[in-house]
Amino acid sequence: CPACDRQFDPPAPADFSFNSPHGACPACHGLGVEDAFDEARIAPDPTRPLERAIEPWQRGARRTVLRYRRQLRALAEAAGLDAKTPLGELPPDFRRRVFDGPPETPSGAPGFRRRAVTPPRRAGFTGVLPDLARRLRETESDYVREFLQRYTVRRPCSACGGARLRAESLACTVGGLSIAALTAMPVREAAAFLAGLRLTAAETARARMVLREAGLRLGFLAEVGLDYLTLDRGSATLSGGEAQRIRLATQLGAGLAGVLYVLDEPTIGLHPRDTDRLLAALFRLRDAGNTLVVVEHDPATIRAADHILDLGPGAGRAGGRVVFEGDLPALLRDPDSSTAAYLRGECNAAPPRRRTPGPDALAVEGAQGFNLRNLDVRIPLGLFVCVTGVSGSGKSTLVDATLRRALARRLHGAGETPAPHRALRGAEAIDRLIVVDAAPIGRTPRSNPATYAGLFPPIRDFFARLPLARARGYGPGRFSFNVKGGRCEHCRGDGQLRIDMQFLPDLFIVCEACGGRRYNRETLDVRVRGRSIADVLAMTVDEALDFFAAVPPVARRLRMLAEVGLGYLQLGQAAPTLSGGEAQRMKLAGELARRATGRTLVMLDEPTTGLHFSDVERLVAVLERLRDGGNTVLVIEHNLQVLRRADWIVDLGPEGGDGGGRLVAEGPPEAIAACAASHTGRALRDGAGIRPAEGGG
């Protein structure tokens with residue numbers, strides 16, 4: 001550079017990758033974020049007096065707490081203020097001095113600045129933020145580090161502004177945009193930008209293939225319904241359906257033929273409007289000479305299939321057989337297939353049992369997280385409420401990032417920061433928040449439905465009271481596979497042995513000492529009606545319900561599992577083998593077992609994932625039972641079976657990404673069906689048989 005005499009190497013591809021040391025921002029190492037102390041967490045209650053307002057300074061040794069209080073009193077006295085004055089009533093410039101430390105005026109410049117060099121510990125008051133930063137930097141204690149990190153928030157890197165690249169890389173532009181600005185665009189805007197680039201003849205010659213390949217890949221993403229995603233979206237924030245459709249777009253770009261593709265529920269997270277776009281992409285793969293095997297429950301996908309395999313008739317041991325095989329017209333004529341009954345519409349004949357909204361409601365005002373456009377939404381309490389809309393319309397941002405986090409902070413003191421919003425009203429009518437998600441109920445084979453549902457303790461107590469167990473002096477612990485005494489010590493109660501295969505995946509074999517039954521011979525001698533504790537763990541929920549019908553503590557919990565459609569699960573089935581939908585229903589069963597308070601909000605995010613039509617009916621019945629107990633059930637969902645039975649629907653959109661974030665319609669399903677601008681309303685009319693209400697929407 002002739003002006004500043006700096007030298008730069010010619011740009012290389014690695015300079016534009018935040019995963020490379022050549023391109024990554026040196027401050028955040030390419031992460032784009034940094035942890036910083038949050039004043040709202042440090043002083044959560046501005047009504048407290050100054051000397052007691054700084055939360056982390058109220059914890060620890062008494063001598064340290066008193067020293068901090070003396071410093072705050074001295075600081076207040078020097079400014080002519082009282083340290084017993086509430087923090088929120090102090091002058092703004094003094095509050096800044098409390099947090100940032102004494103003002104510095106280098107070169108005569110007035111103002112407050114954080115000190116570049118932290119003074120010694122005994123050098124007087126240095127400010128709350130510099131003190132906490134020093135303690136976090138200097139501590140060698142994991143406990144202290146974890147304690148201090150409670151008061152931090154993750155924010156965009158102050159050096160790169162969240163762009164993740166060094167300044168030299170961001171200074172290179174194409175068409176006036178840096179690579180960070182381009183990847184911050186949604187797919188459809190990035191495609192339009194690249195298509196509209198005006199280049200010289202020499203630039204066109206160099207960039208023709210690059211632009212062609214980039215345009216094709218962006219087109220494939222739009223084809224599978226992901227045109228609302230920004231290119232820099234973190235993979236951890238994608239839903240399972242979005243990740244699967246990205247992989248599908250990659251295969252569209254590969255242009256292969258003669259390939260067998262297996263897709264597991266590709267419509268997860270898809271609104272009915274978007275399913276047609278996905279099917280068009282699948283047809284392209286098929287028409288190119290490939291074979292597609294799709295595991296799916298979506299009615300539109302089943303109707304579009306060339307060949308259908310219907311398995312069942314039940315689940316678990318009651319399934320595993322081919323109920324039907326053939327094309328759609330033959331399936332619709334089959335009298336034995338429950339799938340056919342739902343496709344014929346025979347199971348949607350009964351009118352829904354709805355409740356009308358009362359005066360109480362949760363109101364989110366001015367929600368502005370991600371693509372929400374200053375959104376005001378009212379959630380009636382005591383109802384079964386569904387939040388719906390096309391993919392990317394802002395449903396998760398509203399329910400999870402805004403409402404859940406704000407309620408969790410208010411009710412349970414959670415540390416997560418809610419997405420920006422102006423106010424949350426009506427929360428005083430809620431005393432408990434329950435989030436029922438699809439996270440695993442356990443990550444080791446020792447966790448199973450019996451242990452999670454609280455069945456195992458009463459079952460062990462029951463066995464300990466048997467005559468042979470009492471004669472031998474066996475207590476309940478004898479029948480636990482987690483402690484020594486009754487378990488097989490060769491496998492330590494796992495029922496299987498792990499063999500380390502060096503560079504290959506570990507191999508698991510059945511324990512030869514206990515045959516996979518987990519217990520030693522003496523424990524298995526104790527039987528009731530010929531069944532040992534190992535035999536009980538091998539039972540399904542339905543079998544155990546018959547077996548323990550006369551044991552109320554066991555039967556009550558088993559009945560809850562059966563009611564949510566998990567009668568086919570084995571009591572001892574390893575938790576990691578359960579699907580997300582099964583884990584979600586396990587948690588719902590636990591909530592059913594609790595006594596209803598009438599002031600509980602239950603949140604679920606797409607609970608119908610992986611469920612057949614008959615399973616969805618059972619799930620909706622469970623949700624209605626929770627509602628009938630006086631609770632509020634709030635569900636993010638696209639499934640028309642669920643939407644048809646909802647008391648109230650909040651429809652966001654009208655499109656995804658920048659085209660969403662608005663309230664399209666709200667009200668009972670009939671009102672949504674009457675809204676001409678609602679994609680959900682059109683699906684309710686065409687796919688769920690909902691007749692529009694006059695003046696609805």
# chains A, B, ... in the order shown; residues from 1 in each chain; ligands from 1
>>> closest_atom_pairs(of="region 590-662 of chain A", to="region 396-403 of chain A", cutoff="10 Å", atoms="only C-alpha atoms", output="CSV")
residue,atom,partner,partner_atom,distance
A:Met603,CA,A:Val399,CA,8.3
A:Leu604,CA,A:Val399,CA,9.5
A:Asp605,CA,A:Ser396,CA,8.1
A:Leu634,CA,A:Val399,CA,8.5
A:Val635,CA,A:Val399,CA,8.7
A:Ile636,CA,A:Ser396,CA,7.5
A:Leu652,CA,A:Leu398,CA,9.7
A:Gly661,CA,A:Leu398,CA,8.9
>>> residues_around(residues="Ala367 (chain A)", least_positions_apart="5", cutoff="10 Å", atoms="only C-alpha atoms", output="list in words")
Leu372, Arg373, Asn374, Leu375, Asp376, Val377, Thr397, Leu398, Thr402, Leu403, Pro418, Ala419, Pro420, His421, Arg422, Ala423, Leu424 and Gly661 of chain A
>>> residues_around(residues="Thr126 (chain A)", least_positions_apart="4", cutoff="7 Å", atoms="only C-alpha atoms", output="list in words")
Gly101, Pro102, Pro130 and Asp131 of chain A
>>> write_last_selection(atoms="N, CA and C atoms", output="PDB file, in the first residue's frame")
ATOM      1  N   GLY A 101     -15.174   1.177  36.411  1.00  0.00           N
ATOM      2  CA  GLY A 101     -14.029   1.629  37.179  1.00  0.00           C
ATOM      3  C   GLY A 101     -13.820   3.121  37.047  1.00  0.00           C
ATOM      4  N   PRO A 102     -12.763   3.648  37.674  1.00  0.00           N
ATOM      5  CA  PRO A 102     -12.497   5.098  37.642  1.00  0.00           C
ATOM      6  C   PRO A 102     -12.277   5.595  36.228  1.00  0.00           C
ATOM      7  N   PRO A 130     -13.901  -4.993  35.408  1.00  0.00           N
ATOM      8  CA  PRO A 130     -12.482  -5.359  35.419  1.00  0.00           C
ATOM      9  C   PRO A 130     -12.131  -6.351  36.527  1.00  0.00           C
ATOM     10  N   ASP A 131     -12.785  -6.223  37.701  1.00  0.00           N
ATOM     11  CA  ASP A 131     -12.490  -7.140  38.797  1.00  0.00           C
ATOM     12  C   ASP A 131     -12.915  -8.565  38.450  1.00  0.00           C
TER      13      ASP A 131
END
>>> residues_around(residues="region 432-435 of chain A", least_positions_apart="5", cutoff="10 Å", atoms="only C-alpha atoms", output="ChimeraX atom specification")
/A:400,404,407-408,411-412,584,587-588,591,597-605,631-634
>>> closest_residue(among="A:Phe324, A:Tyr143, A:Ala406, A:Ile430", to="Gly60 (chain A)", atoms="only C-alpha atoms")
A:Tyr143
>>> select_by_dssp(residues="region 515-683 of chain A", states="helix (DSSP H, G or I)", output="MDAnalysis selection string")
chainID A and resid 521:524 533:537 541:547 552:563 575:577 580:593 613:628 640:645 657:659 669:673 679:683
>>> residues_around(residues="Val541 (chain A)", least_positions_apart="3", cutoff="7 Å", atoms="only C-alpha atoms", output="PyMOL selection string")
chain A and resi 544-545+558+562+567-571
>>> atom_distance(atom1="CA of Ala318 (chain A)", atom2="CA of Ser337 (chain A)")
14.1 Å
>>> residues_around(residues="region 453-458 of chain A", least_positions_apart="5", cutoff="9 Å", atoms="only C-alpha atoms", output="compact mmCIF listing (two decimals) with N, CA and C atoms, in the first residue's frame")
# COMPACT_ATOMS: atom_id res chain seq x y z
N ASN A 448 -33.43 -47.01 31.38
CA ASN A 448 -34.46 -47.68 30.59
C ASN A 448 -35.83 -47.16 31.01
N PHE A 463 -40.51 -57.42 44.89
CA PHE A 463 -39.73 -58.66 44.93
C PHE A 463 -39.10 -58.88 46.31
N PRO A 476 -34.48 -54.52 48.79
CA PRO A 476 -34.73 -54.02 47.43
C PRO A 476 -33.45 -53.86 46.61
N SER A 480 -31.39 -54.68 42.14
CA SER A 480 -30.89 -53.61 41.28
C SER A 480 -29.65 -54.10 40.54
N VAL A 551 -50.93 -54.60 41.86
CA VAL A 551 -49.91 -53.83 42.59
C VAL A 551 -50.08 -52.36 42.18
N PRO A 553 -48.98 -49.25 42.97
CA PRO A 553 -47.90 -48.31 42.62
C PRO A 553 -47.27 -48.60 41.26
N VAL A 554 -47.22 -49.89 40.89
CA VAL A 554 -46.65 -50.27 39.59
C VAL A 554 -47.68 -50.08 38.49
N ALA A 555 -48.89 -50.55 38.73
CA ALA A 555 -49.92 -50.50 37.69
C ALA A 555 -50.24 -49.07 37.27
N ARG A 557 -48.30 -46.40 37.13
CA ARG A 557 -47.27 -45.86 36.23
C ARG A 557 -47.29 -46.57 34.88
N LEU A 558 -47.54 -47.88 34.89
CA LEU A 558 -47.62 -48.62 33.64
C LEU A 558 -48.80 -48.13 32.80
N LEU A 561 -47.91 -45.10 30.77
CA LEU A 561 -47.12 -45.41 29.57
C LEU A 561 -48.00 -46.00 28.48
N LEU A 571 -39.73 -53.03 29.37
CA LEU A 571 -39.37 -52.25 30.55
C LEU A 571 -37.86 -52.06 30.67
N MET A 586 -42.48 -40.61 26.73
CA MET A 586 -42.11 -41.02 28.08
C MET A 586 -42.22 -39.84 29.04
N LYS A 587 -41.76 -38.69 28.59
CA LYS A 587 -41.83 -37.50 29.44
C LYS A 587 -43.28 -37.05 29.64
N ALA A 589 -45.84 -39.01 29.75
CA ALA A 589 -46.41 -39.93 30.73
C ALA A 589 -46.06 -39.50 32.14
N GLY A 590 -44.82 -39.02 32.32
CA GLY A 590 -44.42 -38.53 33.64
C GLY A 590 -45.23 -37.33 34.07
>>> atom_distance(atom1="CA of Val387 (chain A)", atom2="CA of Thr417 (chain A)")
21.6 Å
>>> residues_around(residues="Ser678 (chain A)", least_positions_apart="6", cutoff="10 Å", atoms="only C-alpha atoms", output="PyMOL selection string")
chain A and resi 389-390+651-655+663-665+672+684+697
>>> closest_residue(among="A:Val622, A:Ile533, A:Val385, A:Ala159", to="Ile459 (chain A)", atoms="only C-alpha atoms")
A:Ile533
>>> decode(residues="region 53-178 of chain A", atoms="C-alpha atoms", output="JSON list (two decimals), in the first residue's frame")
[["chain", "number", "residue", "atom", "x", "y", "z"],
["A", 53, "ALA", "CA", -26.71, -4.94, 44.35],
["A", 54, "ILE", "CA", -23.67, -6.67, 42.81],
["A", 55, "GLU", "CA", -24.68, -10.35, 42.90],
["A", 56, "PRO", "CA", -21.23, -12.03, 42.52],
["A", 57, "TRP", "CA", -19.82, -9.72, 45.21],
["A", 58, "GLN", "CA", -22.37, -11.06, 47.70],
["A", 59, "ARG", "CA", -20.99, -14.61, 47.45],
["A", 60, "GLY", "CA", -17.82, -16.05, 48.93],
["A", 61, "ALA", "CA", -15.87, -15.51, 52.15],
["A", 62, "ARG", "CA", -17.39, -12.97, 54.55],
["A", 63, "ARG", "CA", -14.15, -10.99, 54.65],
["A", 64, "THR", "CA", -14.18, -10.61, 50.87],
["A", 65, "VAL", "CA", -17.85, -9.59, 50.80],
["A", 66, "LEU", "CA", -17.24, -6.92, 53.46],
["A", 67, "ARG", "CA", -14.21, -5.60, 51.56],
["A", 68, "TYR", "CA", -16.28, -5.10, 48.41],
["A", 69, "ARG", "CA", -19.00, -3.34, 50.40],
["A", 70, "ARG", "CA", -16.45, -0.96, 51.92],
["A", 71, "GLN", "CA", -15.16, -0.13, 48.44],
["A", 72, "LEU", "CA", -18.68, 0.67, 47.22],
["A", 73, "ARG", "CA", -19.40, 2.81, 50.29],
["A", 74, "ALA", "CA", -16.16, 4.74, 49.79],
["A", 75, "LEU", "CA", -16.94, 5.25, 46.10],
["A", 76, "ALA", "CA", -20.42, 6.55, 46.93],
["A", 77, "GLU", "CA", -19.18, 8.88, 49.68],
["A", 78, "ALA", "CA", -16.55, 10.36, 47.34],
["A", 79, "ALA", "CA", -19.35, 11.19, 44.90],
["A", 80, "GLY", "CA", -21.60, 12.60, 47.64],
["A", 81, "LEU", "CA", -24.05, 9.69, 47.41],
["A", 82, "ASP", "CA", -25.46, 7.14, 49.86],
["A", 83, "ALA", "CA", -24.49, 3.49, 49.37],
["A", 84, "LYS", "CA", -27.95, 2.47, 50.60],
["A", 85, "THR", "CA", -29.58, 4.13, 47.58],
["A", 86, "PRO", "CA", -31.06, 1.60, 45.13],
["A", 87, "LEU", "CA", -28.75, 0.99, 42.19],
["A", 88, "GLY", "CA", -31.44, 1.97, 39.66],
["A", 89, "GLU", "CA", -31.89, 5.41, 41.26],
["A", 90, "LEU", "CA", -28.20, 6.40, 41.06],
["A", 91, "PRO", "CA", -27.00, 8.79, 38.33],
["A", 92, "PRO", "CA", -26.11, 7.04, 35.04],
["A", 93, "ASP", "CA", -22.52, 8.32, 35.00],
["A", 94, "PHE", "CA", -21.96, 7.02, 38.53],
["A", 95, "ARG", "CA", -23.38, 3.60, 37.59],
["A", 96, "ARG", "CA", -20.94, 3.49, 34.70],
["A", 97, "ARG", "CA", -18.11, 4.23, 37.15],
["A", 98, "VAL", "CA", -19.32, 1.35, 39.36],
["A", 99, "PHE", "CA", -19.16, -1.13, 36.50],
["A", 100, "ASP", "CA", -16.23, 0.19, 34.43],
["A", 101, "GLY", "CA", -14.03, 1.63, 37.18],
["A", 102, "PRO", "CA", -12.50, 5.10, 37.64],
["A", 103, "PRO", "CA", -12.42, 7.40, 34.61],
["A", 104, "GLU", "CA", -9.23, 7.76, 32.67],
["A", 105, "THR", "CA", -8.43, 10.81, 30.62],
["A", 106, "PRO", "CA", -5.39, 9.97, 28.51],
["A", 107, "SER", "CA", -4.12, 12.91, 26.47],
["A", 108, "GLY", "CA", -6.72, 15.11, 28.13],
["A", 109, "ALA", "CA", -9.62, 13.22, 26.53],
["A", 110, "PRO", "CA", -12.60, 13.09, 28.91],
["A", 111, "GLY", "CA", -14.77, 10.02, 29.46],
["A", 112, "PHE", "CA", -14.75, 6.59, 31.04],
["A", 113, "ARG", "CA", -12.56, 3.81, 29.73],
["A", 114, "ARG", "CA", -11.73, 0.40, 31.05],
["A", 115, "ARG", "CA", -8.12, 0.23, 32.19],
["A", 116, "ALA", "CA", -5.76, -1.42, 29.74],
["A", 117, "VAL", "CA", -3.64, -2.81, 32.57],
["A", 118, "THR", "CA", -5.38, -4.28, 35.62],
["A", 119, "PRO", "CA", -3.98, -2.66, 38.80],
["A", 120, "PRO", "CA", -2.86, -4.74, 41.78],
["A", 121, "ARG", "CA", -5.62, -6.26, 43.91],
["A", 122, "ARG", "CA", -5.10, -3.82, 46.79],
["A", 123, "ALA", "CA", -4.94, -0.70, 44.63],
["A", 124, "GLY", "CA", -8.51, 0.35, 45.53],
["A", 125, "PHE", "CA", -11.70, 0.23, 43.52],
["A", 126, "THR", "CA", -11.09, -0.94, 39.96],
["A", 127, "GLY", "CA", -14.68, -1.46, 38.78],
["A", 128, "VAL", "CA", -16.96, -4.48, 38.83],
["A", 129, "LEU", "CA", -16.30, -5.61, 35.27],
["A", 130, "PRO", "CA", -12.48, -5.36, 35.42],
["A", 131, "ASP", "CA", -12.49, -7.14, 38.80],
["A", 132, "LEU", "CA", -14.59, -10.06, 37.55],
["A", 133, "ALA", "CA", -12.53, -10.31, 34.34],
["A", 134, "ARG", "CA", -9.31, -10.45, 36.40],
["A", 135, "ARG", "CA", -10.70, -13.13, 38.70],
["A", 136, "LEU", "CA", -11.85, -15.24, 35.76],
["A", 137, "ARG", "CA", -8.48, -14.85, 34.05],
["A", 138, "GLU", "CA", -6.36, -15.64, 37.09],
["A", 139, "THR", "CA", -8.34, -18.41, 38.80],
["A", 140, "GLU", "CA", -7.16, -22.01, 38.67],
["A", 141, "SER", "CA", -10.32, -23.31, 40.33],
["A", 142, "ASP", "CA", -12.95, -24.98, 38.12],
["A", 143, "TYR", "CA", -15.60, -24.09, 40.72],
["A", 144, "VAL", "CA", -14.74, -20.37, 40.65],
["A", 145, "ARG", "CA", -14.56, -20.37, 36.85],
["A", 146, "GLU", "CA", -17.99, -22.02, 36.60],
["A", 147, "PHE", "CA", -19.39, -19.61, 39.18],
["A", 148, "LEU", "CA", -18.16, -16.52, 37.33],
["A", 149, "GLN", "CA", -19.32, -17.80, 33.95],
["A", 150, "ARG", "CA", -22.91, -17.68, 35.22],
["A", 151, "TYR", "CA", -22.68, -13.91, 34.84],
["A", 152, "THR", "CA", -21.43, -13.94, 31.23],
["A", 153, "VAL", "CA", -23.30, -13.85, 27.94],
["A", 154, "ARG", "CA", -22.18, -14.80, 24.47],
["A", 155, "ARG", "CA", -22.08, -11.85, 22.11],
["A", 156, "PRO", "CA", -20.63, -11.12, 18.66],
["A", 157, "CYS", "CA", -16.86, -10.74, 18.63],
["A", 158, "SER", "CA", -15.91, -7.09, 19.17],
["A", 159, "ALA", "CA", -13.01, -7.39, 16.70],
["A", 160, "CYS", "CA", -14.79, -8.86, 13.65],
["A", 161, "GLY", "CA", -18.41, -8.09, 14.55],
["A", 162, "GLY", "CA", -19.33, -11.76, 14.25],
["A", 163, "ALA", "CA", -18.00, -12.10, 10.69],
["A", 164, "ARG", "CA", -15.35, -14.61, 11.93],
["A", 165, "LEU", "CA", -12.71, -13.45, 9.43],
["A", 166, "ARG", "CA", -9.69, -11.17, 9.77],
["A", 167, "ALA", "CA", -9.94, -7.58, 8.52],
["A", 168, "GLU", "CA", -7.76, -8.22, 5.45],
["A", 169, "SER", "CA", -10.16, -10.95, 4.26],
["A", 170, "LEU", "CA", -13.22, -8.80, 4.85],
["A", 171, "ALA", "CA", -11.63, -5.96, 2.85],
["A", 172, "CYS", "CA", -11.85, -8.08, -0.33],
["A", 173, "THR", "CA", -15.21, -7.55, -2.04],
["A", 174, "VAL", "CA", -17.04, -8.84, -5.09],
["A", 175, "GLY", "CA", -19.86, -6.70, -6.39],
["A", 176, "GLY", "CA", -19.43, -4.49, -3.33],
["A", 177, "LEU", "CA", -19.93, -7.36, -0.83],
["A", 178, "SER", "CA", -17.45, -9.18, 1.37]]
